[in-house]
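Below is the file input_38.txt, which contains compact mmCIF, C-alpha atoms and all ligand atoms.
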```txt
# COMPACT_ATOMS: atom_id res chain seq x y z
CA MET W 1 67.69 80.12 98.23
CA ARG W 2 67.31 82.31 101.31
CA ALA W 3 69.07 80.03 103.78
CA SER W 4 71.89 81.68 105.70
CA VAL W 5 74.03 80.91 108.70
CA LYS W 6 73.65 83.16 111.75
CA GLU W 7 76.18 85.95 111.43
CA HIS W 8 77.91 85.31 114.75
CA ILE W 9 78.32 81.63 113.79
CA SER W 10 79.88 82.44 110.45
CA ARG W 11 82.37 84.68 112.30
CA LEU W 12 83.08 82.00 114.91
CA LYS W 13 86.52 80.43 115.28
CA ALA W 14 85.85 76.79 116.15
CA TYR W 15 87.54 75.15 119.15
CA VAL W 16 90.70 73.34 118.09
CA PRO W 17 91.15 70.01 119.91
CA GLY W 18 94.61 68.49 120.36
CA LEU W 19 96.13 66.84 117.31
CA GLN W 20 94.98 63.27 116.65
CA PRO W 21 97.29 60.76 114.96
CA GLY W 22 96.40 59.61 111.45
CA GLU W 23 95.04 56.14 110.79
CA GLY W 24 97.62 53.52 111.84
CA GLU W 25 100.16 56.19 112.87
CA GLN W 26 102.10 55.25 116.02
CA VAL W 27 102.69 58.27 118.24
CA LEU W 28 103.36 58.99 121.88
CA LYS W 29 100.22 60.95 122.64
CA LEU W 30 100.73 63.34 125.55
CA ASN W 31 98.61 66.22 124.28
CA THR W 32 95.02 65.75 125.47
CA ASN W 33 95.43 64.55 129.06
CA GLU W 34 94.08 61.08 128.37
CA ASN W 35 94.92 58.39 130.89
CA PRO W 36 97.72 55.98 129.85
CA TYR W 37 96.19 53.07 131.78
CA PRO W 38 93.07 51.09 130.88
CA PRO W 39 89.78 51.62 132.71
CA SER W 40 88.50 49.16 135.28
CA PRO W 41 88.20 45.61 133.84
CA TRP W 42 84.53 45.77 134.89
CA VAL W 43 84.01 48.33 132.11
CA GLU W 44 84.76 45.84 129.34
CA GLU W 45 82.34 43.36 130.85
CA ALA W 46 79.61 45.98 131.19
CA ILE W 47 80.10 47.07 127.57
CA ARG W 48 79.88 43.47 126.37
CA GLU W 49 76.68 42.89 128.31
CA GLU W 50 75.06 46.13 127.22
CA GLY W 51 76.27 46.03 123.65
CA SER W 52 74.05 43.25 122.34
CA ASP W 53 70.29 42.85 122.37
CA SER W 54 69.45 45.91 124.46
CA LEU W 55 70.91 48.37 121.94
CA ARG W 56 67.63 48.32 120.01
CA LEU W 57 66.05 50.02 123.04
CA TYR W 58 66.46 53.67 124.04
CA PRO W 59 68.54 54.29 127.15
CA ASN W 60 67.20 55.52 130.46
CA PRO W 61 66.53 59.22 129.76
CA THR W 62 67.87 60.56 133.06
CA SER W 63 70.75 58.04 133.36
CA GLN W 64 69.06 57.25 136.66
CA HIS W 65 71.29 54.43 137.85
CA LEU W 66 74.42 56.43 137.04
CA ARG W 67 72.96 59.46 138.77
CA GLU W 68 72.34 57.41 141.89
CA THR W 69 75.78 55.80 141.75
CA ALA W 70 77.51 59.19 141.46
CA ALA W 71 75.32 60.66 144.20
CA CYS W 72 76.26 57.82 146.53
CA LEU W 73 79.98 58.21 145.81
CA TYR W 74 79.98 61.98 146.33
CA ARG W 75 77.50 61.89 149.24
CA ILE W 76 74.88 64.11 147.68
CA ALA W 77 71.30 63.49 146.55
CA PRO W 78 70.60 62.03 143.07
CA GLU W 79 68.55 65.19 142.40
CA GLN W 80 71.81 67.17 142.75
CA VAL W 81 73.46 65.24 139.89
CA LEU W 82 73.10 65.77 136.14
CA CYS W 83 74.81 63.35 133.75
CA GLY W 84 76.25 64.64 130.49
CA ASN W 85 77.79 63.34 127.29
CA GLY W 86 81.21 64.44 128.55
CA SER W 87 81.58 67.50 130.75
CA ASP W 88 81.78 69.59 127.56
CA GLU W 89 78.09 68.86 127.04
CA ILE W 90 77.43 69.96 130.62
CA LEU W 91 79.15 73.30 129.90
CA GLY W 92 76.82 73.81 126.92
CA ILE W 93 73.78 72.90 129.04
CA LEU W 94 74.86 75.48 131.63
CA LEU W 95 74.96 78.22 129.00
CA ARG W 96 71.60 77.21 127.54
CA THR W 97 70.06 77.22 131.03
CA PHE W 98 71.50 80.40 132.53
CA THR W 99 72.28 82.79 129.66
CA SER W 100 70.47 84.65 126.89
CA ARG W 101 72.01 86.35 123.87
CA GLY W 102 74.01 89.42 124.90
CA ASP W 103 74.52 88.34 128.53
CA ALA W 104 78.03 88.32 129.96
CA ILE W 105 80.07 85.31 131.08
CA GLY W 106 83.42 85.41 132.83
CA TYR W 107 86.42 83.12 133.20
CA TYR W 108 90.08 83.38 134.12
CA GLU W 109 92.53 83.70 131.31
CA PRO W 110 94.39 81.52 130.64
CA SER W 111 92.11 78.61 131.42
CA TYR W 112 90.02 76.16 129.37
CA SER W 113 89.61 77.91 126.02
CA TYR W 114 86.32 76.15 125.22
CA TYR W 115 84.44 78.63 127.49
CA LYS W 116 85.29 81.36 125.01
CA THR W 117 84.11 79.27 122.05
CA LEU W 118 80.88 78.34 123.83
CA GLY W 119 80.28 81.98 124.75
CA ALA W 120 80.73 82.95 121.10
CA ILE W 121 78.37 80.17 119.94
CA HIS W 122 75.69 81.57 122.25
CA ASP W 123 76.42 85.18 121.20
CA LEU W 124 77.43 86.25 124.70
CA VAL W 125 79.69 89.02 125.95
CA LEU W 126 83.02 87.60 127.10
CA GLN W 127 84.53 89.05 130.27
CA PRO W 128 87.88 87.32 130.89
CA THR W 129 89.87 88.16 134.03
CA PRO W 130 93.64 87.84 133.48
CA LEU W 131 95.25 85.55 136.04
CA GLY W 132 98.01 88.15 136.31
CA ASP W 133 101.75 87.89 136.82
CA ASP W 134 101.42 85.37 139.61
CA PRO W 135 98.68 82.97 138.42
CA LEU W 136 98.79 81.13 141.76
CA THR W 137 97.33 84.17 143.51
CA PRO W 138 94.83 85.56 141.01
CA PRO W 139 92.68 88.65 141.56
CA LEU W 140 88.93 88.36 142.08
CA PRO W 141 87.00 88.54 138.77
CA THR W 142 87.09 92.06 137.38
CA GLU W 143 83.46 91.92 136.22
CA ARG W 144 80.98 90.79 138.90
CA ASP W 145 77.86 91.13 136.80
CA VAL W 146 78.10 87.90 134.82
CA LYS W 147 75.51 85.15 134.42
CA ILE W 148 78.19 82.49 134.79
CA PHE W 149 81.83 82.62 135.87
CA PHE W 150 83.88 79.53 134.92
CA LEU W 151 86.74 78.67 137.24
CA THR W 152 88.91 75.75 136.15
CA ASN W 153 90.33 74.12 139.25
CA PRO W 154 92.95 72.67 138.92
CA ASN W 155 93.73 75.14 136.17
CA SER W 156 94.16 73.86 132.66
CA PRO W 157 96.55 74.30 130.95
CA MET W 158 98.81 75.29 133.86
CA GLY W 159 97.93 72.57 136.36
CA PHE W 160 98.00 74.46 139.66
CA SER W 161 95.11 74.43 142.13
CA LEU W 162 93.40 77.28 143.95
CA GLN W 163 92.27 76.73 147.54
CA PRO W 164 88.54 76.12 148.20
CA GLU W 165 88.60 79.22 150.46
CA PHE W 166 89.54 81.38 147.47
CA VAL W 167 86.94 79.66 145.27
CA ALA W 168 84.32 80.48 147.93
CA ARG W 169 85.39 84.14 147.80
CA VAL W 170 84.92 84.13 144.01
CA ALA W 171 81.44 82.62 144.48
CA ASP W 172 80.57 85.40 146.92
CA HIS W 173 81.97 88.01 144.60
CA VAL W 174 80.17 87.14 141.35
CA GLU W 175 76.49 87.80 140.94
CA GLY W 176 75.67 84.80 138.77
CA ILE W 177 76.53 81.09 138.91
CA LEU W 178 80.08 80.04 139.71
CA VAL W 179 80.95 76.91 137.75
CA VAL W 180 83.95 75.15 139.25
CA ASP W 181 85.24 72.99 136.40
CA GLU W 182 86.89 70.11 138.25
CA ALA W 183 87.89 68.04 135.21
CA TYR W 184 91.23 67.32 136.96
CA ALA W 185 90.20 67.42 140.63
CA ASP W 186 90.75 63.69 141.15
CA PHE W 187 94.48 64.38 140.81
CA ALA W 188 94.38 67.24 143.35
CA GLN W 189 94.57 67.30 147.13
CA LYS W 190 91.31 69.19 147.62
CA ASN W 191 88.09 69.77 145.72
CA CYS W 192 85.07 72.05 145.98
CA ILE W 193 82.13 69.64 146.03
CA SER W 194 81.24 70.64 149.59
CA LEU W 195 80.76 74.24 148.37
CA ILE W 196 77.55 73.24 146.59
CA ARG W 197 76.00 72.75 150.05
CA GLU W 198 77.44 75.93 151.52
CA LEU W 199 77.00 78.44 148.68
CA PRO W 200 73.79 78.62 146.65
CA ASN W 201 75.41 79.73 143.38
CA VAL W 202 78.11 77.04 143.04
CA ILE W 203 77.89 74.25 140.45
CA VAL W 204 80.76 71.76 140.14
CA THR W 205 81.49 69.86 136.91
CA ARG W 206 83.42 66.60 136.66
CA THR W 207 84.43 64.15 133.95
CA LEU W 208 85.31 60.46 133.68
CA SER W 209 87.61 61.26 130.73
CA LYS W 210 90.81 61.71 132.72
CA SER W 211 90.96 59.97 136.08
CA TYR W 212 88.69 57.06 135.05
CA SER W 213 90.38 56.46 131.64
CA LEU W 214 87.08 56.90 129.78
CA ALA W 215 87.64 59.83 127.40
CA GLY W 216 86.18 57.80 124.53
CA LEU W 217 83.00 56.95 126.43
CA ARG W 218 81.96 60.62 126.95
CA VAL W 219 80.60 60.91 130.49
CA GLY W 220 80.57 64.02 132.68
CA PHE W 221 78.56 65.39 135.57
CA ALA W 222 77.22 68.59 137.07
CA PHE W 223 76.72 68.69 140.84
CA GLY W 224 74.67 71.52 142.32
CA ALA W 225 71.57 72.59 144.18
CA GLU W 226 68.47 70.64 143.25
CA ARG W 227 66.75 73.78 141.92
CA TRP W 228 69.52 74.36 139.35
CA ILE W 229 69.87 70.71 138.33
CA GLU W 230 66.12 70.47 137.80
CA GLN W 231 66.24 73.36 135.33
CA MET W 232 69.36 72.08 133.55
CA ASP W 233 67.66 68.71 133.20
CA LYS W 234 64.98 70.31 131.00
CA VAL W 235 67.60 71.58 128.59
CA ARG W 236 69.64 68.46 127.88
CA ASP W 237 68.85 66.11 125.00
CA HIS W 238 66.39 63.59 126.35
CA TYR W 239 68.63 60.55 125.66
CA ASN W 240 71.95 62.31 126.08
CA LEU W 241 73.88 59.31 127.42
CA ASN W 242 73.74 56.08 125.46
CA ARG W 243 73.14 52.72 127.16
CA VAL W 244 76.77 51.59 126.89
CA ALA W 245 78.07 54.82 128.45
CA GLN W 246 75.60 54.62 131.33
CA ALA W 247 76.41 50.99 132.13
CA ALA W 248 80.18 51.37 131.80
CA ALA W 249 80.32 54.60 133.80
CA CYS W 250 78.40 53.01 136.68
CA VAL W 251 80.82 50.12 137.09
CA ALA W 252 83.84 52.41 136.65
CA LEU W 253 82.65 54.58 139.55
CA CYS W 254 82.01 51.46 141.65
CA ASP W 255 85.53 50.09 141.13
CA GLN W 256 87.20 52.53 143.51
CA SER W 257 90.20 50.32 144.18
CA HIS W 258 91.10 50.35 140.45
CA PHE W 259 90.54 54.11 140.39
CA HIS W 260 92.86 54.74 143.37
CA GLU W 261 95.59 52.47 142.09
CA ASN W 262 95.51 54.08 138.65
CA ARG W 263 95.38 57.64 140.02
CA ASP W 264 98.24 57.03 142.48
CA ARG W 265 100.48 55.69 139.72
CA ILE W 266 99.90 58.87 137.74
CA LEU W 267 100.65 61.04 140.75
CA ARG W 268 103.96 59.20 141.35
CA THR W 269 104.95 59.59 137.68
CA ARG W 270 103.94 63.26 137.74
CA GLU W 271 106.24 64.00 140.70
CA ARG W 272 109.10 62.03 139.16
CA PHE W 273 108.65 63.79 135.80
CA ALA W 274 108.47 67.30 137.32
CA ARG W 275 111.68 66.55 139.29
CA ALA W 276 113.44 65.31 136.15
CA LEU W 277 112.42 68.48 134.29
CA LYS W 278 113.77 70.57 137.15
CA ASP W 279 117.05 68.68 137.04
CA MET W 280 117.28 69.68 133.37
CA GLY W 281 116.71 73.31 134.32
CA ILE W 282 113.05 73.37 133.20
CA GLU W 283 110.63 74.86 135.74
CA SER W 284 106.95 73.97 135.85
CA PHE W 285 103.89 75.08 137.80
CA PRO W 286 103.17 72.89 140.85
CA SER W 287 100.77 70.45 139.20
CA GLU W 288 97.67 68.98 140.81
CA ALA W 289 96.45 67.54 137.50
CA ASN W 290 97.48 64.70 135.19
CA PHE W 291 99.75 67.00 133.19
CA VAL W 292 102.63 69.36 133.77
CA PHE W 293 103.09 72.79 132.21
CA ALA W 294 106.80 73.08 131.43
CA LYS W 295 108.18 76.62 131.18
CA LEU W 296 110.86 77.05 128.52
CA ALA W 297 113.32 79.87 127.96
CA SER W 298 111.25 81.70 125.32
CA ALA W 299 108.21 81.38 123.08
CA GLU W 300 110.54 80.62 120.21
CA ALA W 301 112.20 77.78 122.12
CA ALA W 302 108.81 76.32 123.15
CA SER W 303 107.43 76.43 119.62
CA GLN W 304 110.58 74.90 118.13
CA ILE W 305 110.67 72.09 120.68
CA PHE W 306 106.97 71.45 120.05
CA ASP W 307 107.59 71.16 116.28
CA LYS W 308 110.58 68.86 116.74
CA LEU W 309 108.73 66.62 119.18
CA THR W 310 105.78 66.40 116.80
CA GLU W 311 108.13 65.45 113.94
CA ARG W 312 109.50 62.68 116.14
CA GLY W 313 106.04 61.34 116.88
CA ILE W 314 105.69 62.81 120.37
CA TYR W 315 102.54 64.90 120.70
CA VAL W 316 102.39 67.51 123.48
CA ARG W 317 100.28 70.71 123.52
CA TYR W 318 101.51 74.16 122.56
CA PHE W 319 99.28 77.23 122.99
CA PRO W 320 100.57 80.16 120.91
CA GLN W 321 98.92 82.86 123.00
CA ASP W 322 99.92 85.42 125.61
CA GLY W 323 100.82 83.92 128.96
CA LEU W 324 101.18 80.39 127.55
CA ASP W 325 103.47 80.65 124.56
CA ARG W 326 106.65 79.96 126.54
CA GLY W 327 105.37 76.63 127.75
CA LEU W 328 104.34 73.13 126.77
CA ARG W 329 101.50 71.22 128.39
CA ILE W 330 102.56 67.63 128.76
CA SER W 331 100.12 64.89 129.81
CA ILE W 332 101.40 62.28 132.24
CA GLY W 333 101.83 58.90 130.58
CA THR W 334 103.53 55.78 131.89
CA ASP W 335 107.03 56.00 133.40
CA ASP W 336 108.49 54.54 130.19
CA GLU W 337 106.67 57.08 128.04
CA MET W 338 107.85 59.98 130.18
CA ASP W 339 111.42 58.64 130.05
CA ARG W 340 111.27 58.60 126.26
CA LEU W 341 110.06 62.19 126.22
CA LEU W 342 112.78 63.25 128.70
CA GLU W 343 115.44 61.67 126.51
CA GLU W 344 114.20 63.61 123.47
CA LEU W 345 113.99 66.83 125.48
CA ARG W 346 117.55 66.38 126.70
CA THR W 347 118.83 66.15 123.13
CA LEU W 348 116.69 69.09 122.00
CA ILE W 349 117.73 71.54 124.69
CA SER W 350 121.41 70.57 124.94
C1 LIG W 401 89.17 71.99 132.01
C2 LIG W 401 88.39 71.02 131.18
N1 LIG W 401 87.08 70.98 131.32
C3 LIG W 401 86.32 70.12 130.61
C4 LIG W 401 86.90 69.27 129.70
C5 LIG W 401 86.01 68.37 128.89
O1 LIG W 401 86.09 67.06 129.27
P1 LIG W 401 85.11 65.96 128.70
O2 LIG W 401 84.16 66.62 127.74
O3 LIG W 401 85.97 64.94 128.07
O4 LIG W 401 84.37 65.43 129.90
C6 LIG W 401 88.28 69.27 129.52
C7 LIG W 401 88.90 68.37 128.54
O5 LIG W 401 90.03 68.39 128.22
C8 LIG W 401 89.06 70.17 130.28
O6 LIG W 401 90.37 70.24 130.14
```
Could you express the structure from this file as structure tokens?
Amino acid sequence: MRASVKEHISRLKAYVPGLQPGEGEQVLKLNTNENPYPPSPWVEEAIREEGSDSLRLYPNPTSQHLRETAACLYRIAPEQVLCGNGSDEILGILLRTFTSRGDAIGYYEPSYSYYKTLGAIHDLVLQPTPLGDDPLTPPLPTERDVKIFFLTNPNSPMGFSLQPEFVARVADHVEGILVVDEAYADFAQKNCISLIRELPNVIVTRTLSKSYSLAGLRVGFAFGAERWIEQMDKVRDHYNLNRVAQAAACVALCDQSHFHENRDRILRTRERFARALKDMGIESFPSEANFVFAKLASAEAASQIFDKLTERGIYVRYFPQDGLDRGLRISIGTDDEMDRLLEELRTLIS
């Protein structure tokens, strides 16, 4: 047999998603920034309607109705919207559209670690820019000559937001496309969608996984200039969103009152939780996302607390890497869930 795996793929370290509970295991899951509240009740109805006879038929290839619904909500043209099977798929489409083997991509470090994995999958040169000692005021990217620079705003895993004025400076600075990954922007005060009109190289990505409680449905978007979206559209799988996802995502976007109510509850719990951490002597970055990055006394303390919480059935996220190893990323759940975590933390740090 002469079959062999590409060398750079055999060397690749796969992306490691947050721990999932075993079958039937009851845990408090605060490790992947899922939403603790159910999606709009309209979603269940849409799934029921779509999930019967029509499943024998292929879905609309361009997710046209969803495209139009998103365009209407964000006040852009449908031709400026691309729908993806989660925003992770959109990130892959971006690389397939704008990069060739050996090209460079940039991103801030720390930020969403999947950019690095995707870059390695596509055999690209990785040009990370360290956020520096004060991540809230990062430097401009060190390498300008990149095909794509990914800027996660709000930052994950730290949760803080950079101002649109700074994002615009980054867009001016880099020579390629600036992707503003706004997976958490619904929990922030500002966002960068208007930059797609003002700056030709900006593409914004969004997801319904967090603020719309639809992580399991897999729906994400890219918003950008028509000329980029048109090219990206050629690269996606032709039926990338299934019928159920298209129908459910449309009604979820339409139910804005459910969205606002749900989002506001999370924001209130986030503020209450960050205050409670502070009262215990635990600092965190000012969060504009649906999680808080709690800074502990040392990497050892963070890793031990992570292990103990996991043993007790409370899943949070620990990143054993430079710049993050002293902290824990904790998703915002319900008030009761956060109270249970706080109680455990109190016993562990006392
Ligand atoms: C910064 C960031 N971007 C993108 C994603 C991918 O989201 P999804 O593929 O669920 O839309 C995530 C998921 O955690 C994320 O944290």
Residues at most 9 Å from ligand LIG 401 (chain W), using all atoms listed in the file? Could they come as JSON, numbers by chain?
{"W": [17, 32, 33, 34, 84, 85, 86, 87, 88, 89, 90, 91, 111, 112, 113, 114, 115, 151, 152, 153, 154, 155, 156, 157, 181, 182, 183, 184, 205, 206, 207, 208, 209, 210, 214, 215, 216, 217, 218, 219, 220, 221]}
Contacts of stretch 75-81 of chain W at 8 Å or less, counting all atoms listed in the file, minus same-chain residues fewer than 4 places along, as a list in words?
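The neighbour list is Arg67, Glu68, Ala70, Ala71, Phe221, Ala222, Phe223, Gly224, Ala225, Glu226, Ile229 and Glu230 of chain W.
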Which is closer to W:Gly51 than all the others in W:Lys308, W:Ala171, W:Arg340, W:Ala245, using all atoms listed in the file?
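Among W:Lys308, W:Ala171, W:Arg340, W:Ala245, it is W:Ala245 that comes nearest to W:Gly51.
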Among the residues W:Met280, W:Leu66, W:Ala188, W:Pro36, the one that comes closest to W:Asp336 [using only C-alpha atoms]:
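Using only C-alpha atoms, W:Asp336 sits closest to W:Pro36.
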Name all residues at most 12 Å from W:Ala301 (count only C-alpha atoms; drop same-chain ones fewer than 4 positions away) and give them as a compact mmCIF listing (two decimals) with C-alpha atoms, in the frame of the given file.
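Saved the output as around14.txt:
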```txt
# COMPACT_ATOMS: atom_id res chain seq x y z
CA ILE W 282 113.05 73.37 133.20
CA ALA W 294 106.80 73.08 131.43
CA LYS W 295 108.18 76.62 131.18
CA LEU W 296 110.86 77.05 128.52
CA ALA W 297 113.32 79.87 127.96
CA ILE W 305 110.67 72.09 120.68
CA PHE W 306 106.97 71.45 120.05
CA ASP W 307 107.59 71.16 116.28
CA LYS W 308 110.58 68.86 116.74
CA TYR W 318 101.51 74.16 122.56
CA PRO W 320 100.57 80.16 120.91
CA ASP W 325 103.47 80.65 124.56
CA ARG W 326 106.65 79.96 126.54
CA GLY W 327 105.37 76.63 127.75
CA LEU W 328 104.34 73.13 126.77
CA LEU W 345 113.99 66.83 125.48
CA LEU W 348 116.69 69.09 122.00
CA ILE W 349 117.73 71.54 124.69
```
Using Å and a single decimal, report how far atom CA of W:Gly176 sits from atom CA of W:Asn201.
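Calculated distance between atom CA of W:Asn201 and atom CA of W:Gly176 is 6.9 Å.
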State, in Å with one decimal place, the distance from atom CA of W:Thr97 to atom CA of W:Gly18.
28.2 Å
Write out as AutoDock Vina command-line options an axis-aligned box for stretch 310-316 of chain W: all of its atoms listed in the file, 5 Å added on each side, centre and edge lengths in Å with one decimal.
```
--center_x 105.9 --center_y 64.4 --center_z 118.7 --size_x 17.1 --size_y 16.2 --size_z 19.5
```
